[in-house]
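Here is the structure we will look at.
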Amino acid sequence: MQKNTRCVHSGTGKDPLTRGLNTPIFTSSSFEYLDTAENVYPRYFNVPNQKSVVEKLCALENAEDGLLFSSGMAAISTAMLAFLSSGDHVVLQKDIYGGTHHFVTAEFDRFGIEFTFVNNEAADIEKAVQKNTKIIYIETPSNPLLLVTDIAATAQIAQDNNALSVIDNTFATPINQNPMDLGIDIVTHSGTKYLGGHSDLCCGAVLTRRDLAGKIGATAANLGGSLNAMTCYLLERSLKTLGLRVDKHNRNAQIMAEHLQKDACIQKVFYPGLENHPGHATAKKQMRGFGGMLAFELKSPAPDRFLKNLQVITPALSLGGVETIICSPATTSHQKITAAERAELGITDNTLRLSVGIEDPEDLIADIDRALSN
Ligand SMILES: *Cc1c(COP(=O)(O)O)cnc(C)c1O
């Protein structure tokens, strides 16, 4: 089955009682246990609505099994902690989601877990690997500057060194990129973004092989970050249109990137679909589409004034919804890391991140042009 067919059909559990076409929402937190193969309970990650969505996501990511979490950070933190002990070491790409960066720097020391942040070049990743390295963690395209990391090369380094490779696939979505096909062990998503897609859900997912999912599930039941049935159902509904939405996000972002690049008020545009982007060749190799996220550096007017003059595009947190939103990473997603670290990553106070929605691109361009000339 092709992608859109999987989005619509995989995992959907028709209602046997009424013959309705949709998975019913099973609200129970208590299930009978006599004569059953496993004990069912929401925090054991095995209630029917969780299973339906996991089956759909597995079909989309070419994974064997997975778990749904109450947020992207619950997914990421649980997936890492399931495999780490005191004395272990983690190699992480430097340019990643601010919350993940903060999770590592704020928590790992207390557990005696070592970590090294590196550039996203395969050679830098390989150089940072130590004897006690357990996990190599990447995010591509990355937040906020859309760096592209070579997924197959990273997976190979992990395999050669007996470490697990973990990727945050939030920006690409399974429509544009399937890391497990390139040898990655564990894929994480903030479902709050494109998977939910309508800026009204908070959830996360881990997709992986069956044995690793079992290990993550054991830790997950202890940490307790499972997802409730209602949100599972909303996520399942959203996923039916994931392919349609992402195709439109891809097309709109390409149009916006090409337009912004021509404007004299803009210093630089970061989008993997542009031929002058340093990761363009790698992106072409490992992605089917370049995604809906882009960043740009404003020369003038001042960012605050520009943001206030927008009428269609909304300055707002988060990303991946049907509506186009914009934010300054320095004051939002990357606020918790120091100004010096931001400078090193190439994030300035004039850097703006655009989550391109599914509106008509003419209206988005008119809005940007009006705000730039105001
Ligand atoms: C938002 C985001 C996260 C964290 O997800 P939450 O659902 O907010 O916990 C992780 N990675 C990326 C790339 C994100 O954009």
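FYI, nothing fancy with the structure tokens labels: chains A, B, ... in order, residues from 1 per chain, ligands from 1 as they appear.
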
Contacts between ligand 1 and chain A, please, where a residue of chain A counts if it comes within 9 Å (with only C-alpha atoms and all ligand atoms); show its shortest atom pair and distance in Å to one decimal, rows by chain and ascending number, as CSV.
residue,atom,partner,partner_atom_place_in_ligand_line,distance
A:Phe69,CA,ligand 1,7 (O),8.9
A:Ser70,CA,ligand 1,7 (O),7.7
A:Ser71,CA,ligand 1,7 (O),4.0
A:Gly72,CA,ligand 1,5 (O),3.4
A:Met73,CA,ligand 1,9 (O),3.8
A:Ala74,CA,ligand 1,9 (O),6.4
A:Ala75,CA,ligand 1,9 (O),7.8
A:Ile76,CA,ligand 1,10 (C),7.4
A:Ile96,CA,ligand 1,13 (C),6.9
A:Tyr97,CA,ligand 1,13 (C),5.0
A:Gly98,CA,ligand 1,11 (N),8.0
A:Gly99,CA,ligand 1,4 (C),6.4
A:Thr100,CA,ligand 1,10 (C),6.5
A:Glu139,CA,ligand 1,13 (C),7.0
A:Thr140,CA,ligand 1,13 (C),8.5
A:Pro141,CA,ligand 1,13 (C),8.6
A:Ser142,CA,ligand 1,13 (C),6.8
A:Asn143,CA,ligand 1,13 (C),5.9
A:Pro144,CA,ligand 1,13 (C),8.6
A:Asp168,CA,ligand 1,11 (N),6.1
A:Asn169,CA,ligand 1,13 (C),7.1
A:Thr170,CA,ligand 1,13 (C),5.0
A:Phe171,CA,ligand 1,13 (C),5.9
A:Thr188,CA,ligand 1,11 (N),8.1
A:His189,CA,ligand 1,11 (N),6.7
A:Ser190,CA,ligand 1,5 (O),4.2
A:Gly191,CA,ligand 1,7 (O),6.1
A:Thr192,CA,ligand 1,7 (O),4.7
A:Lys193,CA,ligand 1,1 (C),6.5
A:Leu201,CA,ligand 1,7 (O),8.6
A:Cys202,CA,ligand 1,7 (O),5.4
A:Cys203,CA,ligand 1,7 (O),5.4
A:Gly204,CA,ligand 1,7 (O),5.7
A:Ser318,CA,ligand 1,1 (C),6.2
A:Leu319,CA,ligand 1,15 (O),6.8
A:Gly320,CA,ligand 1,15 (O),8.3
A:Ser333,CA,ligand 1,1 (C),8.4

Nearby residues (only C-alpha atoms) at most 10 Å from Leu145 in chain A, same-chain spacing under 5 positions excluded, as a VMD selection string: chain A and resid 95 to 96 269 to 272 293 to 296 329 345 to 347 351 to 353

Keeping only N, CA, C and O atoms, write the selected residues to a file as an mmCIF file, in the first residue's frame.
data_model
loop_
_atom_site.group_PDB
_atom_site.id
_atom_site.type_symbol
_atom_site.label_atom_id
_atom_site.label_comp_id
_atom_site.auth_asym_id
_atom_site.auth_seq_id
_atom_site.Cartn_x
_atom_site.Cartn_y
_atom_site.Cartn_z
ATOM 1 N N ASP A 95 22.807 20.978 17.118
ATOM 2 C CA ASP A 95 21.661 21.768 16.667
ATOM 3 C C ASP A 95 20.402 20.906 16.723
ATOM 4 O O ASP A 95 20.027 20.251 15.761
ATOM 5 N N ILE A 96 19.764 20.854 17.914
ATOM 6 C CA ILE A 96 18.539 20.056 18.079
ATOM 7 C C ILE A 96 17.497 20.898 18.797
ATOM 8 O O ILE A 96 17.779 22.012 19.252
ATOM 9 N N VAL A 269 18.244 32.612 3.785
ATOM 10 C CA VAL A 269 17.119 31.694 3.982
ATOM 11 C C VAL A 269 17.680 30.296 4.196
ATOM 12 O O VAL A 269 18.589 29.860 3.493
ATOM 13 N N PHE A 270 17.140 29.605 5.205
ATOM 14 C CA PHE A 270 17.567 28.227 5.499
ATOM 15 C C PHE A 270 16.427 27.288 5.139
ATOM 16 O O PHE A 270 15.417 27.224 5.847
ATOM 17 N N TYR A 271 16.565 26.569 4.031
ATOM 18 C CA TYR A 271 15.545 25.570 3.644
ATOM 19 C C TYR A 271 16.220 24.477 2.817
ATOM 20 O O TYR A 271 16.869 24.769 1.810
ATOM 21 N N PRO A 272 16.080 23.224 3.208
ATOM 22 C CA PRO A 272 16.801 22.137 2.527
ATOM 23 C C PRO A 272 16.415 21.975 1.055
ATOM 24 O O PRO A 272 17.146 21.352 0.288
ATOM 25 N N MET A 293 9.088 23.428 7.166
ATOM 26 C CA MET A 293 9.776 24.374 8.057
ATOM 27 C C MET A 293 10.893 25.099 7.321
ATOM 28 O O MET A 293 11.652 24.489 6.571
ATOM 29 N N LEU A 294 11.029 26.399 7.584
ATOM 30 C CA LEU A 294 12.177 27.144 7.071
ATOM 31 C C LEU A 294 12.540 28.225 8.072
ATOM 32 O O LEU A 294 11.758 28.541 8.975
ATOM 33 N N ALA A 295 13.723 28.761 7.932
ATOM 34 C CA ALA A 295 14.155 29.864 8.796
ATOM 35 C C ALA A 295 14.781 30.920 7.913
ATOM 36 O O ALA A 295 15.227 30.629 6.804
ATOM 37 N N PHE A 296 14.755 32.142 8.394
ATOM 38 C CA PHE A 296 15.428 33.198 7.640
ATOM 39 C C PHE A 296 15.958 34.255 8.581
ATOM 40 O O PHE A 296 15.507 34.388 9.720
ATOM 41 N N PRO A 329 13.366 31.973 17.508
ATOM 42 C CA PRO A 329 13.919 30.912 18.358
ATOM 43 C C PRO A 329 14.641 31.453 19.598
ATOM 44 O O PRO A 329 14.579 30.850 20.668
ATOM 45 N N LEU A 345 25.598 28.210 17.524
ATOM 46 C CA LEU A 345 24.726 27.444 16.625
ATOM 47 C C LEU A 345 24.347 28.250 15.378
ATOM 48 O O LEU A 345 23.839 27.695 14.411
ATOM 49 N N GLY A 346 24.575 29.582 15.434
ATOM 50 C CA GLY A 346 24.206 30.416 14.289
ATOM 51 C C GLY A 346 22.812 31.005 14.400
ATOM 52 O O GLY A 346 22.238 31.475 13.424
ATOM 53 N N ILE A 347 22.256 30.983 15.625
ATOM 54 C CA ILE A 347 20.929 31.568 15.854
ATOM 55 C C ILE A 347 21.125 32.994 16.384
ATOM 56 O O ILE A 347 21.710 33.189 17.441
ATOM 57 N N THR A 351 17.042 35.936 13.665
ATOM 58 C CA THR A 351 16.626 34.682 13.037
ATOM 59 C C THR A 351 15.150 34.435 13.335
ATOM 60 O O THR A 351 14.727 34.490 14.493
ATOM 61 N N LEU A 352 14.376 34.171 12.299
ATOM 62 C CA LEU A 352 12.963 33.850 12.484
ATOM 63 C C LEU A 352 12.686 32.483 11.874
ATOM 64 O O LEU A 352 13.246 32.145 10.824
ATOM 65 N N ARG A 353 11.818 31.708 12.549
ATOM 66 C CA ARG A 353 11.484 30.374 12.058
ATOM 67 C C ARG A 353 10.032 30.364 11.595
ATOM 68 O O ARG A 353 9.144 30.779 12.344
#

Can you list, as a PyMOL selection string, every residue of range 43-262 of chain A that DSSP puts in strand (DSSP E or B)? chain A and resi 65-69+89-93+114-118+133-139+164-168+186-190+204-208+226

With only C-alpha atoms as the counted atoms, please give the residues lying no more than 8 Å from Ser238 in chain A, apart from itself and same-chain residues fewer than 6 positions off, as an NGL selection string. :A and (195-198)

Write the residues of the selection above to a file with N, CA, C and O atoms, as a PDB file, in the first residue's frame.
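Produced file selection-v6.pdb, reproduced below:
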ATOM      1  N   LEU A 195       2.036  15.404  13.071  1.00  0.00           N
ATOM      2  CA  LEU A 195       1.165  14.229  13.193  1.00  0.00           C
ATOM      3  C   LEU A 195      -0.217  14.671  13.657  1.00  0.00           C
ATOM      4  O   LEU A 195      -1.236  14.279  13.086  1.00  0.00           O
ATOM      5  N   GLY A 196      -0.258  15.518  14.688  1.00  0.00           N
ATOM      6  CA  GLY A 196      -1.530  16.121  15.129  1.00  0.00           C
ATOM      7  C   GLY A 196      -2.009  17.117  14.079  1.00  0.00           C
ATOM      8  O   GLY A 196      -3.155  17.072  13.628  1.00  0.00           O
ATOM      9  N   GLY A 197      -1.142  18.040  13.739  1.00  0.00           N
ATOM     10  CA  GLY A 197      -1.338  18.877  12.562  1.00  0.00           C
ATOM     11  C   GLY A 197      -2.324  20.024  12.652  1.00  0.00           C
ATOM     12  O   GLY A 197      -2.438  20.800  11.709  1.00  0.00           O
ATOM     13  N   HIS A 198      -3.060  20.150  13.748  1.00  0.00           N
ATOM     14  CA  HIS A 198      -4.073  21.200  13.836  1.00  0.00           C
ATOM     15  C   HIS A 198      -3.881  22.070  15.082  1.00  0.00           C
ATOM     16  O   HIS A 198      -4.807  22.762  15.517  1.00  0.00           O
TER      17      HIS A 198
END

For Lys215 in chain A, list every protein, DNA or RNA residue within 12 Å, evaluated using only C-alpha atoms, and leave out those in the same chain fewer than 2 positions away; present the list as a ChimeraX atom specification. /A:65-67,78-84,186,206,208-213,217-222

As a ChimeraX atom specification, please: the residues near Val187 in chain A (cut-off 9 Å, only C-alpha atoms, same-chain neighbours under 3 positions excluded). /A:61,63,165-169,178-180,184,205-208

Excluding Gln156 in chain A and residues on its chain fewer than 6 positions from it, collect all residues at most 10 Å away from it, counting only C-alpha atoms, and give them as number ranges by chain. A: 122, 126, 162-163, 165, 182-184

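Of the listed residues (A:Leu317, A:Ile337, A:Ala153, A:Leu307), A:Ile337 comes nearest to Val104 in chain A; the distances count only C-alpha atoms.
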
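With only C-alpha atoms as the atoms that count, the minimum distance from Thr23 in chain A to the choices A:Leu274, A:Cys7, A:Ala366, A:Val53 is reached by A:Val53.
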